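Asker: One file is attached below, structure.json, containing JSON, C-alpha atoms.
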[["chain", "number", "residue", "atom", "x", "y", "z"],
["G", 23, "MET", "CA", -16.29, 18.97, -12.36],
["G", 24, "MET", "CA", -17.18, 15.35, -11.61],
["G", 25, "MET", "CA", -19.37, 14.15, -8.72],
["G", 26, "PHE", "CA", -20.23, 10.59, -7.73],
["G", 27, "TYR", "CA", -23.32, 9.42, -5.86],
["G", 28, "THR", "CA", -24.68, 6.10, -4.65],
["G", 29, "VAL", "CA", -28.11, 5.17, -3.33],
["G", 30, "ASN", "CA", -28.13, 4.25, 0.37],
["G", 31, "ASP", "CA", -30.39, 1.72, 2.12],
["G", 32, "HIS", "CA", -33.09, 4.40, 2.49],
["G", 33, "GLY", "CA", -33.26, 5.24, -1.24],
["G", 34, "GLU", "CA", -31.41, 8.55, -0.91],
["G", 35, "PHE", "CA", -28.57, 9.71, -3.14],
["G", 36, "VAL", "CA", -25.38, 10.12, -1.11],
["G", 37, "LYS", "CA", -22.30, 11.93, -2.37],
["G", 38, "GLN", "CA", -19.26, 9.69, -2.39],
["G", 39, "SER", "CA", -15.75, 10.51, -1.23],
["G", 40, "PHE", "CA", -12.44, 8.72, -1.69],
["G", 41, "PHE", "CA", -11.96, 8.96, 2.08],
["G", 42, "SER", "CA", -14.30, 7.88, 4.86],
["G", 43, "LEU", "CA", -16.28, 10.83, 6.16],
["G", 44, "GLU", "CA", -16.04, 12.03, 9.73],
["G", 45, "LYS", "CA", -19.28, 12.34, 11.71],
["G", 46, "TRP", "CA", -19.29, 16.12, 11.38],
["G", 47, "GLU", "CA", -18.77, 16.03, 7.59],
["G", 48, "ALA", "CA", -22.17, 14.53, 6.73],
["G", 49, "PRO", "CA", -25.68, 14.80, 8.21],
["G", 50, "GLN", "CA", -26.60, 11.99, 10.60],
["G", 51, "ASN", "CA", -30.11, 10.74, 9.85],
["G", 52, "SER", "CA", -32.64, 8.65, 11.81],
["G", 53, "TYR", "CA", -35.59, 6.80, 10.24],
["G", 54, "ASN", "CA", -38.89, 5.32, 11.37],
["G", 55, "LYS", "CA", -40.17, 1.81, 10.59],
["G", 56, "GLU", "CA", -41.69, 3.10, 7.32],
["G", 57, "ASN", "CA", -38.17, 4.12, 6.25],
["G", 58, "GLN", "CA", -39.05, 7.82, 6.48],
["G", 59, "LYS", "CA", -36.43, 10.24, 7.71],
["G", 60, "ILE", "CA", -37.55, 11.57, 11.09],
["G", 61, "GLU", "CA", -34.46, 13.48, 12.24],
["G", 62, "THR", "CA", -31.27, 14.96, 10.82],
["G", 63, "ILE", "CA", -28.43, 16.12, 13.06],
["G", 64, "ASN", "CA", -25.37, 18.10, 11.94],
["G", 65, "TYR", "CA", -22.39, 18.00, 14.27],
["G", 66, "ASN", "CA", -19.46, 20.34, 14.86],
["G", 67, "GLU", "CA", -15.88, 19.06, 14.69],
["G", 68, "ASP", "CA", -15.76, 18.99, 18.50],
["G", 69, "GLY", "CA", -18.73, 16.60, 18.60],
["G", 70, "GLY", "CA", -21.35, 19.15, 19.66],
["G", 71, "ILE", "CA", -24.63, 19.56, 17.77],
["G", 72, "ARG", "CA", -24.60, 22.41, 15.25],
["G", 73, "ASP", "CA", -28.26, 22.08, 14.28],
["G", 74, "ARG", "CA", -30.97, 19.46, 13.90],
["G", 75, "THR", "CA", -34.22, 18.98, 12.04],
["G", 76, "LYS", "CA", -37.27, 16.89, 12.94],
["G", 77, "PHE", "CA", -39.72, 15.60, 10.30],
["G", 78, "ILE", "CA", -43.39, 14.86, 11.08],
["G", 79, "TYR", "CA", -45.65, 12.74, 8.85],
["G", 80, "ASP", "CA", -49.37, 12.14, 8.48],
["G", 81, "LYS", "CA", -50.57, 9.28, 6.26],
["G", 82, "ASN", "CA", -47.06, 8.92, 4.81],
["G", 83, "LYS", "CA", -46.86, 12.58, 3.82],
["G", 84, "LEU", "CA", -44.42, 15.05, 5.32],
["G", 85, "VAL", "CA", -46.62, 17.68, 6.98],
["G", 86, "GLU", "CA", -44.19, 19.53, 9.24],
["G", 87, "GLU", "CA", -40.47, 20.19, 9.53],
["G", 88, "LYS", "CA", -38.95, 21.72, 12.65],
["G", 89, "ASN", "CA", -35.47, 23.27, 12.60],
["G", 90, "TYR", "CA", -33.47, 23.76, 15.79],
["G", 91, "GLY", "CA", -30.09, 25.32, 16.46],
["G", 92, "ASN", "CA", -27.61, 23.83, 18.91],
["G", 93, "SER", "CA", -30.24, 23.94, 21.65],
["G", 94, "ASP", "CA", -33.89, 22.92, 21.95],
["G", 95, "THR", "CA", -35.05, 26.31, 20.70],
["G", 96, "LEU", "CA", -37.12, 26.09, 17.52],
["G", 97, "TYR", "CA", -36.07, 28.73, 15.02],
["G", 98, "ILE", "CA", -37.84, 27.65, 11.80],
["G", 99, "ASN", "CA", -41.08, 25.70, 11.43],
["G", 100, "LYS", "CA", -42.24, 24.55, 7.99],
["G", 101, "LYS", "CA", -45.72, 23.22, 7.18],
["G", 102, "PHE", "CA", -46.78, 21.48, 3.97],
["G", 103, "GLU", "CA", -50.12, 21.22, 2.15],
["G", 104, "TYR", "CA", -51.06, 18.62, -0.48],
["G", 105, "TRP", "CA", -53.67, 18.16, -3.17],
["G", 106, "ASN", "CA", -54.15, 14.76, -4.86],
["G", 107, "ASN", "CA", -50.94, 13.57, -3.15],
["G", 108, "LEU", "CA", -48.91, 16.43, -4.65],
["G", 109, "LEU", "CA", -47.24, 19.12, -2.56],
["G", 110, "VAL", "CA", -48.90, 22.43, -3.45],
["G", 111, "LYS", "CA", -47.84, 24.82, -0.66],
["G", 112, "LYS", "CA", -45.12, 25.23, 1.93],
["G", 113, "PHE", "CA", -45.43, 27.75, 4.77],
["G", 114, "GLU", "CA", -42.33, 28.80, 6.69],
["G", 115, "PHE", "CA", -42.50, 30.45, 10.11],
["G", 116, "HIS", "CA", -39.41, 32.09, 11.63],
["G", 117, "SER", "CA", -38.56, 32.63, 15.26],
["G", 118, "GLU", "CA", -37.40, 35.93, 16.74],
["G", 119, "ASN", "CA", -36.06, 36.11, 20.28],
["G", 120, "GLY", "CA", -37.29, 32.57, 20.84],
["G", 121, "ILE", "CA", -40.87, 33.33, 19.77],
["G", 122, "LEU", "CA", -42.20, 31.71, 16.61],
["G", 123, "SER", "CA", -44.10, 34.01, 14.24],
["G", 124, "SER", "CA", -47.85, 33.38, 14.09],
["G", 125, "ALA", "CA", -47.92, 34.44, 10.42],
["G", 126, "SER", "CA", -45.86, 32.72, 7.73],
["G", 127, "ASN", "CA", -42.68, 34.56, 6.76],
["G", 128, "GLU", "CA", -42.34, 32.67, 3.49],
["G", 129, "ILE", "CA", -44.84, 30.91, 1.22],
["G", 130, "THR", "CA", -43.83, 28.58, -1.60],
["G", 131, "THR", "CA", -46.37, 27.32, -4.14],
["G", 132, "TYR", "CA", -45.92, 24.41, -6.56],
["G", 133, "GLU", "CA", -47.60, 23.66, -9.90],
["G", 134, "TYR", "CA", -47.52, 20.43, -11.95],
["G", 135, "ASP", "CA", -48.25, 19.25, -15.47],
["G", 136, "ALA", "CA", -50.58, 16.40, -16.45],
["G", 137, "ARG", "CA", -47.77, 13.87, -15.83],
["G", 138, "ASN", "CA", -47.25, 15.22, -12.28],
["G", 139, "ASN", "CA", -43.94, 16.84, -13.18],
["G", 140, "LEU", "CA", -43.18, 19.99, -11.20],
["G", 141, "VAL", "CA", -43.35, 22.86, -13.69],
["G", 142, "LYS", "CA", -43.38, 25.94, -11.45],
["G", 143, "GLU", "CA", -42.10, 26.77, -7.97],
["G", 144, "ALA", "CA", -42.70, 30.27, -6.60],
["G", 145, "LEU", "CA", -41.37, 31.64, -3.31],
["G", 146, "VAL", "CA", -42.68, 34.87, -1.78],
["G", 147, "TYR", "CA", -41.02, 36.41, 1.28],
["G", 148, "GLY", "CA", -42.06, 39.92, 2.23],
["G", 149, "ASP", "CA", -42.05, 41.98, -0.96],
["G", 150, "GLU", "CA", -39.40, 39.79, -2.57],
["G", 151, "TYR", "CA", -39.97, 36.81, -4.84],
["G", 152, "LEU", "CA", -38.08, 33.95, -6.43],
["G", 153, "ASP", "CA", -39.61, 31.58, -8.93],
["G", 154, "TYR", "CA", -38.49, 28.62, -11.03],
["G", 155, "ALA", "CA", -39.92, 27.05, -14.18],
["G", 156, "TYR", "CA", -39.04, 23.52, -15.29],
["G", 157, "LYS", "CA", -39.30, 21.73, -18.64],
["G", 158, "TYR", "CA", -39.14, 17.99, -19.39],
["G", 159, "ASN", "CA", -38.62, 15.68, -22.34],
["G", 160, "ASP", "CA", -40.93, 12.85, -23.41],
["G", 161, "LYS", "CA", -39.28, 10.53, -20.84],
["G", 162, "ASN", "CA", -40.07, 12.96, -18.01],
["G", 163, "PHE", "CA", -36.38, 13.85, -17.60],
["G", 164, "MET", "CA", -35.88, 17.49, -16.67],
["G", 165, "THR", "CA", -34.24, 19.34, -19.56],
["G", 166, "GLU", "CA", -34.44, 23.05, -18.69],
["G", 167, "VAL", "CA", -34.63, 25.24, -15.58],
["G", 168, "TYR", "CA", -35.39, 28.95, -15.57],
["G", 169, "SER", "CA", -35.44, 31.25, -12.58],
["G", 170, "ARG", "CA", -35.93, 34.91, -11.82],
["G", 171, "SER", "CA", -35.77, 36.99, -8.68],
["G", 172, "SER", "CA", -35.97, 40.52, -7.34],
["G", 173, "PHE", "CA", -32.95, 39.86, -5.11],
["G", 174, "PRO", "CA", -30.36, 41.35, -4.54],
["G", 175, "VAL", "CA", -31.59, 44.64, -6.03],
["G", 176, "ARG", "CA", -35.27, 45.25, -5.52],
["G", 177, "GLU", "CA", -37.22, 45.99, -8.71],
["G", 178, "THR", "CA", -34.30, 44.58, -10.72],
["G", 179, "GLU", "CA", -34.70, 41.01, -11.90],
["G", 180, "PHE", "CA", -31.96, 38.55, -12.75],
["G", 181, "THR", "CA", -32.34, 35.18, -14.40],
["G", 182, "ILE", "CA", -30.53, 31.86, -14.28],
["G", 183, "ASN", "CA", -31.03, 29.35, -17.08],
["G", 184, "MET", "CA", -29.83, 25.75, -17.08],
["G", 185, "ARG", "CA", -30.10, 23.03, -19.71],
["G", 186, "TYR", "CA", -29.64, 19.30, -19.18],
["G", 187, "THR", "CA", -28.69, 16.78, -21.85],
["G", 188, "TYR", "CA", -28.67, 13.02, -21.25],
["G", 189, "GLN", "CA", -26.14, 10.72, -22.85],
["G", 190, "LYS", "CA", -27.76, 8.05, -24.98],
["G", 191, "PHE", "CA", -25.80, 5.06, -23.66],
["G", 192, "ASP", "CA", -27.20, 5.33, -20.12],
["G", 193, "SER", "CA", -29.75, 8.05, -19.48],
["G", 194, "ASN", "CA", -30.37, 6.86, -15.93],
["G", 195, "ASN", "CA", -26.80, 6.90, -14.61],
["G", 196, "TRP", "CA", -24.96, 9.59, -16.51],
["G", 197, "THR", "CA", -26.03, 13.19, -16.80],
["G", 198, "GLU", "CA", -24.35, 16.08, -18.53],
["G", 199, "MET", "CA", -25.58, 19.46, -17.39],
["G", 200, "TYR", "CA", -24.94, 22.57, -19.43],
["G", 201, "SER", "CA", -25.49, 25.74, -17.44],
["G", 202, "GLU", "CA", -25.97, 29.30, -18.54],
["G", 203, "ASP", "CA", -25.62, 31.78, -15.70],
["G", 204, "GLY", "CA", -26.70, 35.41, -16.09],
["G", 205, "LEU", "CA", -25.10, 36.68, -12.87],
["G", 206, "SER", "CA", -21.63, 37.68, -14.10],
["G", 207, "SER", "CA", -20.42, 41.14, -13.06],
["G", 208, "ASP", "CA", -20.39, 42.39, -16.65],
["G", 209, "ARG", "CA", -23.92, 40.97, -17.18],
["G", 210, "LYS", "CA", -22.60, 38.55, -19.82],
["G", 211, "PRO", "CA", -23.54, 34.87, -19.53],
["G", 212, "ASN", "CA", -21.11, 32.42, -17.99],
["G", 213, "TYR", "CA", -21.01, 28.89, -19.34],
["G", 214, "TYR", "CA", -19.89, 25.71, -17.63],
["G", 215, "PHE", "CA", -20.45, 21.96, -17.66],
["G", 216, "ILE", "CA", -21.12, 19.52, -14.84],
["G", 217, "GLN", "CA", -21.05, 15.74, -15.07],
["G", 218, "ARG", "CA", -22.64, 13.47, -12.49],
["G", 219, "GLU", "CA", -22.58, 9.70, -12.13],
["G", 220, "PHE", "CA", -25.25, 7.83, -10.19],
["G", 221, "LYS", "CA", -24.64, 4.23, -9.11],
["G", 222, "TYR", "CA", -27.61, 1.93, -8.39]]
For the file at hand, write its structure as structure tokens.
Answerer:
Amino acid sequence: MMMFYTVNDHGEFVKQSFFSLEKWEAPQNSYNKENQKIETINYNEDGGIRDRTKFIYDKNKLVEEKNYGNSDTLYINKKFEYWNNLLVKKFEFHSENGILSSASNEITTYEYDARNNLVKEALVYGDEYLDYAYKYNDKNFMTEVYSRSSFPVRETEFTINMRYTYQKFDSNNWTEMYSEDGLSSDRKPNYYFIQREFKY
């Protein structure tokens, strides 16, 4: 499978298509004067709003994210905590019958190495968990991803392992990803390759 991306005027990678995208096929983003994304709207084919997200910043850090459906009713509110400019916790509050929970429904914690690379991401929701571990090479390129979870069968873990290799002729633009997936029905690993091209 081959995917192509370019960097837009706001420094974000955007997936490319051979055909021009309709409004409903891609998120519509708004930005503030600091070039920070402040709102994302997803539209239906008929032009109506499917959902939208608002982003709130404090001292150039994203501190809150509010998710709405096709109305003005808030259904998910996310709050972010930082330490030494690194994101260390995300709290997610869900709405039920239009009332936002006062206690967080999900908590995600983040850990970093001495080079500020994310090395662990752990999500706890109820009595379920999902965590990821990341490894990097000497150029700080991610080379391995490991995950485990208690979903879908409680008390039974599954794992997903992925390995990335970078072609020598252009490590910035071309990436080969080798994936090993432990979720096959017969519990045997599946193997597949993905190539991605990034244009700067």
Asker: Could you state the separation of atom CA of G:Lys55 and atom CA of G:Asn30 in Å, given to one decimal place?
Answerer: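 According to the coordinates, atom CA of G:Lys55 and atom CA of G:Asn30 are separated by 16.0 Å.
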Asker: Counting all atoms listed in the file, write as a ChimeraX atom specification all protein and nucleic acid residues lying at most 12 Å from (-45.4, 20.8, -2.4) in the file's frame.
Answerer: /G:83-86,100-113,129-134,138-145
Asker: Give as an mmCIF file with C-alpha atoms, in the coordinates of the input every residue, naming chains and numbers as the document does, that has an atom within 12 Å of (-30.2, 12.5, 15.8), counting all atoms listed in the file.
Answerer:
data_model
loop_
_atom_site.group_PDB
_atom_site.id
_atom_site.type_symbol
_atom_site.label_atom_id
_atom_site.label_comp_id
_atom_site.auth_asym_id
_atom_site.auth_seq_id
_atom_site.Cartn_x
_atom_site.Cartn_y
_atom_site.Cartn_z
ATOM 1 C CA LYS G 45 -19.280 12.340 11.710
ATOM 2 C CA PRO G 49 -25.680 14.800 8.210
ATOM 3 C CA GLN G 50 -26.600 11.990 10.600
ATOM 4 C CA ASN G 51 -30.110 10.740 9.850
ATOM 5 C CA SER G 52 -32.640 8.650 11.810
ATOM 6 C CA TYR G 53 -35.590 6.800 10.240
ATOM 7 C CA LYS G 59 -36.430 10.240 7.710
ATOM 8 C CA ILE G 60 -37.550 11.570 11.090
ATOM 9 C CA GLU G 61 -34.460 13.480 12.240
ATOM 10 C CA THR G 62 -31.270 14.960 10.820
ATOM 11 C CA ILE G 63 -28.430 16.120 13.060
ATOM 12 C CA ASN G 64 -25.370 18.100 11.940
ATOM 13 C CA TYR G 65 -22.390 18.000 14.270
ATOM 14 C CA GLY G 70 -21.350 19.150 19.660
ATOM 15 C CA ILE G 71 -24.630 19.560 17.770
ATOM 16 C CA ARG G 72 -24.600 22.410 15.250
ATOM 17 C CA ASP G 73 -28.260 22.080 14.280
ATOM 18 C CA ARG G 74 -30.970 19.460 13.900
ATOM 19 C CA THR G 75 -34.220 18.980 12.040
ATOM 20 C CA LYS G 76 -37.270 16.890 12.940
ATOM 21 C CA PHE G 77 -39.720 15.600 10.300
ATOM 22 C CA TYR G 90 -33.470 23.760 15.790
#
Asker: Do a neighbour search on G:Phe115 at 8 Å with all atoms listed in the file, toss out local chain neighbours closer than 2 positions, and write the hits as a list in words.
Answerer: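 Surrounding residues, per the criterion: Ile98, Asn99, Lys100, Phe113, Ser117, Leu122, Ser123, Ser124, Ala125, Ser126, Asn127 and Glu128 of chain G.
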Asker: So what do you get for atom CA of G:Tyr168 versus atom CA of G:Glu150, distance-wise?
Answerer: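 A separation of 17.4 Å between them.
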Asker: Could you give me, as number ranges by chain, the residues within 12 Å of G:Asp160, counting only C-alpha atoms and dropping anything in the same chain fewer than 3 positions from it?
Answerer: G: 137, 139, 157, 163-165
Asker: For G:Ile121, list every protein, DNA or RNA residue within 9 Å, evaluated using all atoms listed in the file, and leave out those in the same chain fewer than 4 positions away; present the list as a PyMOL selection string.
Answerer: chain G and resi 96-97+116-117
Asker: Using atom CA of G:Val146 and atom CA of G:Tyr79 as the two end points, give the distance in Å to one decimal.
Answerer: 24.7 Å
Asker: Show which residues sit within 9 Å of G:Glu166, as a PyMOL selection string. Count all atoms listed in the file, and ignore same-chain residues fewer than 3 positions away.
Answerer: chain G and resi 155-158+183-186
Asker: Any chance you could turn stretch 28-47 of chain G into a file with N, CA, C and O atoms, as a compact mmCIF listing (two decimals), in the first residue's frame?
Answerer:
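Result file is result_36.txt:
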# COMPACT_ATOMS: atom_id res chain seq x y z
N THR G 28 1.68 15.69 1.79
CA THR G 28 2.43 16.94 1.66
C THR G 28 2.19 17.76 2.92
O THR G 28 1.25 17.53 3.67
N VAL G 29 3.08 18.72 3.15
CA VAL G 29 2.94 19.61 4.30
C VAL G 29 2.20 20.86 3.86
O VAL G 29 2.59 21.51 2.89
N ASN G 30 1.11 21.20 4.57
CA ASN G 30 0.34 22.39 4.19
C ASN G 30 0.96 23.65 4.80
O ASN G 30 2.01 23.59 5.44
N ASP G 31 0.30 24.79 4.59
CA ASP G 31 0.84 26.07 5.07
C ASP G 31 0.92 26.16 6.59
O ASP G 31 1.57 27.05 7.13
N HIS G 32 0.25 25.24 7.28
CA HIS G 32 0.24 25.26 8.75
C HIS G 32 1.17 24.20 9.34
O HIS G 32 1.12 23.93 10.54
N GLY G 33 2.00 23.57 8.50
CA GLY G 33 2.97 22.60 8.97
C GLY G 33 2.39 21.24 9.28
O GLY G 33 3.03 20.44 9.96
N GLU G 34 1.20 20.94 8.76
CA GLU G 34 0.55 19.66 9.03
C GLU G 34 0.65 18.76 7.80
O GLU G 34 0.54 19.23 6.67
N PHE G 35 0.87 17.47 8.04
CA PHE G 35 0.88 16.52 6.94
C PHE G 35 -0.55 16.28 6.46
O PHE G 35 -1.45 15.99 7.25
N VAL G 36 -0.75 16.38 5.15
CA VAL G 36 -2.07 16.21 4.55
C VAL G 36 -2.00 15.10 3.51
O VAL G 36 -1.13 15.13 2.62
N LYS G 37 -2.88 14.13 3.62
CA LYS G 37 -2.92 13.03 2.66
C LYS G 37 -3.36 13.54 1.30
O LYS G 37 -4.32 14.30 1.20
N GLN G 38 -2.64 13.13 0.26
CA GLN G 38 -2.93 13.59 -1.08
C GLN G 38 -3.83 12.62 -1.83
O GLN G 38 -3.83 11.42 -1.57
N SER G 39 -4.58 13.16 -2.78
CA SER G 39 -5.46 12.36 -3.62
C SER G 39 -5.27 12.81 -5.05
O SER G 39 -4.91 13.95 -5.33
N PHE G 40 -5.51 11.89 -5.99
CA PHE G 40 -5.40 12.24 -7.41
C PHE G 40 -6.54 13.16 -7.83
O PHE G 40 -6.47 13.82 -8.85
N PHE G 41 -7.60 13.19 -7.06
CA PHE G 41 -8.76 14.01 -7.37
C PHE G 41 -8.95 15.05 -6.27
O PHE G 41 -8.60 14.83 -5.12
N SER G 42 -9.50 16.20 -6.63
CA SER G 42 -9.76 17.23 -5.61
C SER G 42 -10.81 16.72 -4.64
O SER G 42 -11.79 16.09 -5.04
N LEU G 43 -10.60 17.00 -3.37
CA LEU G 43 -11.49 16.49 -2.33
C LEU G 43 -12.71 17.39 -2.17
O LEU G 43 -12.60 18.61 -2.24
N GLU G 44 -13.85 16.78 -1.96
CA GLU G 44 -15.05 17.53 -1.63
C GLU G 44 -14.94 18.01 -0.19
O GLU G 44 -14.16 17.49 0.61
N LYS G 45 -15.75 19.00 0.17
CA LYS G 45 -15.70 19.58 1.50
C LYS G 45 -15.93 18.55 2.59
O LYS G 45 -15.30 18.58 3.65
N TRP G 46 -16.81 17.59 2.33
CA TRP G 46 -17.15 16.59 3.34
C TRP G 46 -16.11 15.47 3.44
O TRP G 46 -16.16 14.66 4.36
N GLU G 47 -15.16 15.41 2.51
CA GLU G 47 -14.18 14.33 2.51
C GLU G 47 -12.96 14.62 3.37
O GLU G 47 -12.17 13.71 3.63
